[in-house]
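A short write-up of the structure that comes next.
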Amino acid sequence: MNIYVLMKRTFDTEEKITISGGKINEDGAEFIINPYDEYAIEEAIQVRDANGGEVTVVSVGTEEAEKQLRTALAMGADKAVLINTEDDLEGGDQYTTAKIISEYLKDKDADLIIAGNVAIDGGSGQVGPRVAEILGISYVTTITKLDINGSSATVVRDVEGDSEVIETSLPLLVTAQQGLNEPRYPSLPGIMKAKKKPLDELELDDLDLDEDDVEAKTKTIEIYLPPKKEAGKVLEGELEDQVKELVKLLHTEAKVV
Amino acid sequence: MARKVLVLGEVRDGSLRNVSFEAVAAGKTASEGGEVVGVLIGDSVSALANEMIHYGADRVVTVEDEKLKQYTPDGFSQALMAVIDSESPEGLIFGHTALGKDLAPKIAAKLESGLISDVTSLEEAGGNLVFTRPIYSGKAFEKKIVTDGLLFATIRPNNIAPLEKDESRSGDIASVAAEIKDLRTIIKEVVRKASEGVDLSEAKVIIAGGRGVKSEEGFEPLKELASVLNGAVGASRGACDADYCDYSLQIGQTGKVVTPDLYIACGISGAIQHLAGMSNSKVIVAINKDPEANIFKVADYGIVGDLFEVVPLLTEEFKKLKVNA
C-alpha cells in the first residue's frame, strides 16, 4: 500500500508566544511535529505494518523542517520529502500549501493519505480536505479509528463528541483526531536507521510550479497578542459564604448567570 | 462594496443551530449593504427558512433530497455547488462547526478560492473587510483580508452576536434542484456521546474538570452543576489522559478552544496548553485546593478549596437563584 502523510513543523505547545516586528518571534523557540500529525504518522506506520507497503512523509516549509522529518523517519516512516519554499514564497496560505502538495501527489498513486485534522499554529484545518478535492479522492476528517480491508475502509469520525461509523473505499484521505492512537517515541535503533533513510528535497521548480501558480488568496495584515488577563479576586472567609458571594458576583457584577 | 453573500444554515435535530444566526449576522456585515441569502440543505428543511429570514437573511434557497438527510462532503458539496452556480455569490459564510470545517475547504478547493477559517469577528476597515481569528490556539490573533476572489469565511460559534429576531420580516423562499449522486462516504451508524448535555463549542457555560476530579465518578458533581446552569462539561488533558473522561471533552491547545460566557475550572492547575484553550472565555472561575495554581492568574474569581465541597455548594446556590428568578 502506498501511504503518504502530510506533516507540519510547529511551535512546541509549551512555548509562550511573543511578537517582534509584527511577526511571531521564533528566536529560541522549540519546534515539534504538529501533535495531530504525529497521530497521522503513527497510523500510517500501523497501516503499513498490517498491510505492507511504504510510508512517505511530506512537508512544505523550510529546511528547518528536516529535523521533524527525520523524527518521522525514526518513528518508522520509510521516506521523507521536503518541499522547500523558502526561496520562492514570501507568504502563502492554505490555498498555496494545498496546491503545492497536490501537485506533488498527483502522479504518486497514493492509496491512503493521512494528515492531522488541524495544525496547532495556524489552526485552519483546510489543507487535508483541499488536497483530497484537488486530487479527486474522498476524505473523512477528525477520525478516531481506521480499519482497512482490501480496497475498502471503515472509519470512525468524531463529530463534536458523537461518533459516525463511515464506510468508504480507497484511495482515501483522512485527518487524525486525538484518540486515534498513541504515537510511539522514536527508538534508538530507529534514530540510527533514520539517518540512512531517503529525505528528498524539492523546490517549486521541480513541480513545474512558479510563484504565480500558488499565489495566496488571503493575506495577514496584523498579528497581535490578546490583552493580558489580570488575576481577579480570590474570595475569602467560610466556604459557604464564599460560594454565596461567588454566585452573587456572577449574577450581579459579571452578569453571566 | 455591496455584495451578495450566501450563508449556510446548519440544522441539527430538526432545528437551526445558534451559529447559523451568528453566521447570518456575519453575512450581513460581509454583504456591506448587499444581499444575504440563506442556504438550507437537508431532506426536509424548508420549514426552517423563515427563521433565517427573521434573523436577517433577505431570502432563503433550499436544496432538499432524501440523500441529504445526513451530512456527507459529496452530497452537501453537490447541493451547495448547485446553489452557487445559480446564485453566483461574492461571499460565503459557514459556521466553524464539524460540518463547516469539513465542507468549507472542499468548496474552497472547487472554487479555487481562499478561505479564512475560525473567524471571531469581522469589520469593514480602510476599504477592506478585515477578519480576526485566533492563532496558536488563542495565544495570539491575526487580522486577515481576502486579496483575490471570493470572500469566504467560517465563523467560530459564540463570538459574533446574532441580529435581533424580527418575526415580521419576510422574504422569498425558493428551492434549487441538484442531482445528488455517487456519494463516496456512507454513514452506517451514529453513536451519540454528547447527547448528555449542551455541545461544548456552543455552550454559554462550561464546567471543566482536571486531575483534581480524581476519577470518572469525580465528574458527577460537575455534571450536576452543568445541568443546573444548562452548560456543558469539559476537561483538561490531565483528566483525559488519566481516563477520567473521553478525549472529546478536552479543552486546550490540543482539543477544543472554547469561549463561553462563564468557565468554571475545577481542580485544574492551568498548564499553558489548557489556558490557550479557554483563557478568552468572558468570565473565568477557578476552584482549586492549591492557592499557587496557575489557573488563578487568569481567573476573574477564585475559591481556594476542595472542589468536592465547593461544587455541590455552588449547585445548591445556583438552584436557589433559579427558583428566585
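Every chain in the C-alpha cells takes a letter, A first, then B, and so on in the order presented; its residues are numbered from 1, and the ligands are numbered from 1 following the presented order.
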Any idea what's packed within 10 Å of B:Phe308, counting only C-alpha atoms, ignoring anything in its chain fewer than 5 positions away? Could you give it as a list in words?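 Surrounding residues, per the criterion: Gly212, Val213, Gly218, Phe219, Glu220, Pro221, Leu222, Cys266, Gly267, Ile287 and Leu313 of chain B.
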Export N, CA and C atoms of the chosen residues as an mmCIF file, in the first residue's frame?
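What landed in result-v3.cif:
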data_model
loop_
_atom_site.group_PDB
_atom_site.id
_atom_site.type_symbol
_atom_site.label_atom_id
_atom_site.label_comp_id
_atom_site.auth_asym_id
_atom_site.auth_seq_id
_atom_site.Cartn_x
_atom_site.Cartn_y
_atom_site.Cartn_z
ATOM 1 N N GLY B 212 -7.727 17.058 39.456
ATOM 2 C CA GLY B 212 -8.331 17.159 40.776
ATOM 3 C C GLY B 212 -9.655 16.424 40.926
ATOM 4 N N VAL B 213 -10.313 16.049 39.833
ATOM 5 C CA VAL B 213 -11.580 15.308 39.966
ATOM 6 C C VAL B 213 -11.324 13.847 40.338
ATOM 7 N N GLY B 218 -15.764 11.248 39.777
ATOM 8 C CA GLY B 218 -15.492 12.601 40.246
ATOM 9 C C GLY B 218 -16.121 13.676 39.371
ATOM 10 N N PHE B 219 -16.479 13.291 38.141
ATOM 11 C CA PHE B 219 -17.114 14.258 37.246
ATOM 12 C C PHE B 219 -18.598 14.463 37.556
ATOM 13 N N GLU B 220 -19.173 13.575 38.360
ATOM 14 C CA GLU B 220 -20.620 13.649 38.637
ATOM 15 C C GLU B 220 -21.060 15.008 39.196
ATOM 16 N N PRO B 221 -20.393 15.516 40.269
ATOM 17 C CA PRO B 221 -20.822 16.831 40.767
ATOM 18 C C PRO B 221 -20.697 17.936 39.710
ATOM 19 N N LEU B 222 -19.713 17.803 38.802
ATOM 20 C CA LEU B 222 -19.559 18.799 37.744
ATOM 21 C C LEU B 222 -20.733 18.724 36.772
ATOM 22 N N CYS B 266 -12.474 23.411 37.625
ATOM 23 C CA CYS B 266 -12.484 22.695 38.901
ATOM 24 C C CYS B 266 -11.309 21.722 38.969
ATOM 25 N N GLY B 267 -10.404 21.970 39.895
ATOM 26 C CA GLY B 267 -9.275 21.054 40.056
ATOM 27 C C GLY B 267 -8.368 21.031 38.838
ATOM 28 N N ILE B 287 -11.579 26.960 40.854
ATOM 29 C CA ILE B 287 -11.728 26.302 42.149
ATOM 30 C C ILE B 287 -10.582 25.307 42.255
ATOM 31 N N LEU B 313 -21.950 22.829 46.785
ATOM 32 C CA LEU B 313 -22.487 24.058 47.391
ATOM 33 C C LEU B 313 -22.917 25.040 46.305
#
B:Leu48 environment, 10 Å, only C-alpha atoms, sequence neighbours closer than 2 positions dropped, as JSON, numbers by chain: {"B": [9, 11, 14, 15, 16, 40, 44, 45, 46, 50, 51, 52, 53, 60, 62]}
Closest-contact table, chain A side, partner chain B, 7 Å, counting only C-alpha atoms, as a tab-separated table:
residue	atom	partner	partner_atom	distance
A:Thr13	CA	B:Gln273	CA	6.1
A:Glu14	CA	B:Ile272	CA	6.5
A:Ile17	CA	B:Lys139	CA	6.3
A:Tyr95	CA	B:Gly114	CA	6.1
A:Ile120	CA	B:Tyr136	CA	5.7
A:Asp121	CA	B:Tyr136	CA	4.2
A:Gly122	CA	B:Ile135	CA	5.3
A:Gly123	CA	B:Ile135	CA	6.2
A:Ser124	CA	B:Ser117	CA	5.3
A:Gln126	CA	B:Pro105	CA	5.2
A:Pro129	CA	B:Lys106	CA	5.7
A:Arg130	CA	B:Ala109	CA	5.3
A:Glu133	CA	B:Lys106	CA	5.8
A:Ile134	CA	B:Ala109	CA	6.5
A:Ser138	CA	B:Arg184	CA	6.4
A:Thr141	CA	B:Asp102	CA	6.5
A:Val159	CA	B:Ala98	CA	5.8
A:Glu160	CA	B:Ala98	CA	6.4
A:Gly161	CA	B:Ala194	CA	5.1
A:Asp162	CA	B:Arg192	CA	4.6
A:Ser163	CA	B:Val191	CA	4.9
A:Glu164	CA	B:Val190	CA	4.4
A:Val165	CA	B:Glu189	CA	5.1
A:Ile166	CA	B:Ile187	CA	4.5
A:Glu167	CA	B:Ile186	CA	5.2
A:Thr168	CA	B:Thr185	CA	4.8
A:Gln178	CA	B:Tyr247	CA	7.0
A:Gly179	CA	B:Tyr247	CA	6.6
A:Lys217	CA	B:Gly114	CA	4.7
A:Thr218	CA	B:Val146	CA	4.3
A:Lys219	CA	B:Ile145	CA	5.4
A:Thr220	CA	B:Lys144	CA	4.4
A:Ile221	CA	B:Lys143	CA	5.6
A:Glu222	CA	B:Lys143	CA	5.1
A:Ile223	CA	B:Glu142	CA	4.3
A:Tyr224	CA	B:Phe141	CA	5.4
A:Leu225	CA	B:Ala140	CA	4.5
A:Pro226	CA	B:Ala140	CA	6.0
A:Lys229	CA	B:Val298	CA	5.7
A:Glu230	CA	B:Val298	CA	6.4
A:Ala231	CA	B:Lys297	CA	4.5
A:Gly232	CA	B:Asp300	CA	4.0
A:Lys233	CA	B:Tyr301	CA	4.8
A:Val234	CA	B:Gly302	CA	4.3
A:Leu235	CA	B:Ile303	CA	5.6
A:Val243	CA	B:Leu314	CA	5.9
A:Lys244	CA	B:Glu317	CA	6.6
A:Val247	CA	B:Phe318	CA	6.8
A:Val256	CA	B:Asp261	CA	6.1
Give me the residues near B:Arg3 as a PyMOL selection string, where near means some atom within 9 Å (using only C-alpha atoms) and where sequence neighbours in that chain fewer than 6 positions away do not count. chain B and resi 30-36+89-91
Would you please extract all alpha helix (DSSP H) residues from stretch 54-182 of chain A, as assigned by DSSP on the backbone, and give them as a PyMOL selection string? chain A and resi 66-75+94-105+127-135
Work out how far atom CA of A:Thr96 is from atom CA of A:Glu64, in Å to one decimal.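 Answer for the atom CA of A:Glu64 to atom CA of A:Thr96 separation: 19.3 Å.
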I'd like to know which residues of stretch 98-212 of chain A are strand (DSSP E or B) (by DSSP, run on the backbone); could you write them as JSON, numbers by chain? {"A": [112, 113, 114, 115, 116, 138, 139, 140, 141, 142, 143, 144, 145, 146, 147, 148, 149, 152, 153, 154, 155, 156, 157, 158, 159, 162, 163, 164, 165, 166, 167, 168, 169, 172, 173, 174, 175, 176, 199, 200, 201, 202]}
How many Å separate atom CA of B:Leu68 from atom CA of B:Ser86?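 These two atoms are separated by 19.0 Å.
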When you look at B:Glu10 with a cut-off of 8 Å (counting only C-alpha atoms), what residues show up, excluding the ones that are within fewer than 6 positions of it in the same chain? I need them as a VMD selection string. chain B and resid 16 to 17 19 to 20 40 to 41 95
When you look at stretch 76-92 of chain A with a cut-off of 8 Å (counting only C-alpha atoms), what residues show up, excluding the ones that are within fewer than 3 positions of it in the same chain? I need them as an MDAnalysis selection string. chainID A and resid 41 44:45 54:63 65:66 69:70 72:73 95:97 186 190 194 197:204 211 214:216 219
Could you please take those selected residues and save N, CA and C atoms as a tab-separated table (two decimals), in the first residue's frame?
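This is the output file out23.tsv:
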chain	number	residue	atom	x	y	z
A	41	ILE	N	1.24	10.07	11.50
A	41	ILE	CA	2.44	9.27	11.21
A	41	ILE	C	2.30	7.89	11.85
A	44	ALA	N	-0.14	5.74	9.95
A	44	ALA	CA	0.42	5.31	8.67
A	44	ALA	C	1.35	4.11	8.89
A	45	ILE	N	2.16	4.18	9.94
A	45	ILE	CA	3.09	3.09	10.22
A	45	ILE	C	2.32	1.81	10.56
A	54	GLU	N	4.53	1.18	1.88
A	54	GLU	CA	5.57	2.16	2.17
A	54	GLU	C	4.93	3.46	2.68
A	55	VAL	N	5.57	4.09	3.67
A	55	VAL	CA	5.07	5.36	4.20
A	55	VAL	C	6.03	6.49	3.81
A	56	THR	N	5.50	7.49	3.12
A	56	THR	CA	6.29	8.67	2.77
A	56	THR	C	5.70	9.88	3.48
A	57	VAL	N	6.53	10.60	4.23
A	57	VAL	CA	6.07	11.78	4.96
A	57	VAL	C	6.47	13.03	4.17
A	58	VAL	N	5.50	13.89	3.91
A	58	VAL	CA	5.73	15.08	3.08
A	58	VAL	C	5.51	16.34	3.91
A	59	SER	N	6.40	17.31	3.78
A	59	SER	CA	6.21	18.58	4.46
A	59	SER	C	6.53	19.73	3.52
A	60	VAL	N	5.75	20.78	3.62
A	60	VAL	CA	6.05	22.02	2.89
A	60	VAL	C	6.60	23.00	3.91
A	61	GLY	N	7.75	23.58	3.63
A	61	GLY	CA	8.30	24.52	4.60
A	61	GLY	C	9.72	24.91	4.24
A	62	THR	N	10.51	25.09	5.28
A	62	THR	CA	11.91	25.46	5.07
A	62	THR	C	12.79	24.28	5.48
A	63	GLU	N	14.10	24.41	5.24
A	63	GLU	CA	14.97	23.26	5.54
A	63	GLU	C	15.00	22.92	7.03
A	65	ALA	N	12.57	22.12	8.67
A	65	ALA	CA	11.63	21.02	8.89
A	65	ALA	C	12.30	19.65	8.72
A	66	GLU	N	13.56	19.64	8.25
A	66	GLU	CA	14.28	18.37	8.11
A	66	GLU	C	14.35	17.63	9.44
A	69	LEU	N	11.16	15.87	10.01
A	69	LEU	CA	11.03	14.77	9.05
A	69	LEU	C	11.91	13.59	9.48
A	70	ARG	N	13.12	13.89	9.98
A	70	ARG	CA	13.99	12.81	10.49
A	70	ARG	C	13.33	12.10	11.67
A	72	ALA	N	10.16	11.70	12.07
A	72	ALA	CA	9.14	10.83	11.49
A	72	ALA	C	9.78	9.56	10.93
A	73	LEU	N	10.93	9.70	10.31
A	73	LEU	CA	11.65	8.53	9.79
A	73	LEU	C	12.09	7.63	10.94
A	95	TYR	N	-4.50	27.78	0.44
A	95	TYR	CA	-4.62	27.55	-0.99
A	95	TYR	C	-3.25	27.18	-1.57
A	96	THR	N	-2.24	27.95	-1.15
A	96	THR	CA	-0.87	27.75	-1.62
A	96	THR	C	-0.36	26.36	-1.26
A	97	THR	N	-0.46	26.03	0.03
A	97	THR	CA	0.10	24.77	0.52
A	97	THR	C	-0.61	23.58	-0.13
A	186	PRO	N	10.47	7.64	19.01
A	186	PRO	CA	11.50	7.00	18.18
A	186	PRO	C	12.43	6.18	19.07
A	190	GLY	N	15.85	3.06	15.76
A	190	GLY	CA	15.04	3.82	14.79
A	190	GLY	C	15.75	5.10	14.40
A	194	ALA	N	17.16	6.02	10.72
A	194	ALA	CA	16.58	7.19	10.07
A	194	ALA	C	17.62	8.01	9.33
A	197	LYS	N	17.85	6.77	5.84
A	197	LYS	CA	16.64	6.74	5.00
A	197	LYS	C	16.60	7.97	4.08
A	198	PRO	N	15.97	7.82	2.92
A	198	PRO	CA	15.96	8.94	1.97
A	198	PRO	C	15.11	10.13	2.44
A	199	LEU	N	15.72	11.31	2.37
A	199	LEU	CA	14.98	12.54	2.62
A	199	LEU	C	15.24	13.45	1.42
A	200	ASP	N	14.27	13.50	0.53
A	200	ASP	CA	14.44	14.27	-0.71
A	200	ASP	C	14.00	15.70	-0.50
A	201	GLU	N	14.68	16.60	-1.16
A	201	GLU	CA	14.27	17.98	-1.09
A	201	GLU	C	13.90	18.47	-2.48
A	202	LEU	N	12.72	19.08	-2.57
A	202	LEU	CA	12.24	19.60	-3.85
A	202	LEU	C	11.97	21.09	-3.71
A	203	GLU	N	11.98	21.77	-4.84
A	203	GLU	CA	11.52	23.17	-4.86
A	203	GLU	C	10.38	23.29	-5.86
A	204	LEU	N	9.76	24.45	-5.87
A	204	LEU	CA	8.60	24.64	-6.75
A	204	LEU	C	8.93	24.29	-8.21
A	211	GLU	N	5.80	30.77	-8.71
A	211	GLU	CA	5.19	31.58	-7.67
A	211	GLU	C	3.74	31.98	-7.96
A	214	VAL	N	0.76	29.60	-7.33
A	214	VAL	CA	0.36	29.26	-5.96
A	214	VAL	C	0.17	30.51	-5.10
A	215	GLU	N	0.00	31.64	-5.76
A	215	GLU	CA	-0.12	32.89	-5.02
A	215	GLU	C	-1.32	32.86	-4.07
A	216	ALA	N	-1.08	33.29	-2.84
A	216	ALA	CA	-2.10	33.23	-1.80
A	216	ALA	C	-3.33	34.05	-2.19
A	219	LYS	N	-4.41	37.33	2.95
A	219	LYS	CA	-3.17	37.93	3.45
A	219	LYS	C	-3.36	38.33	4.92
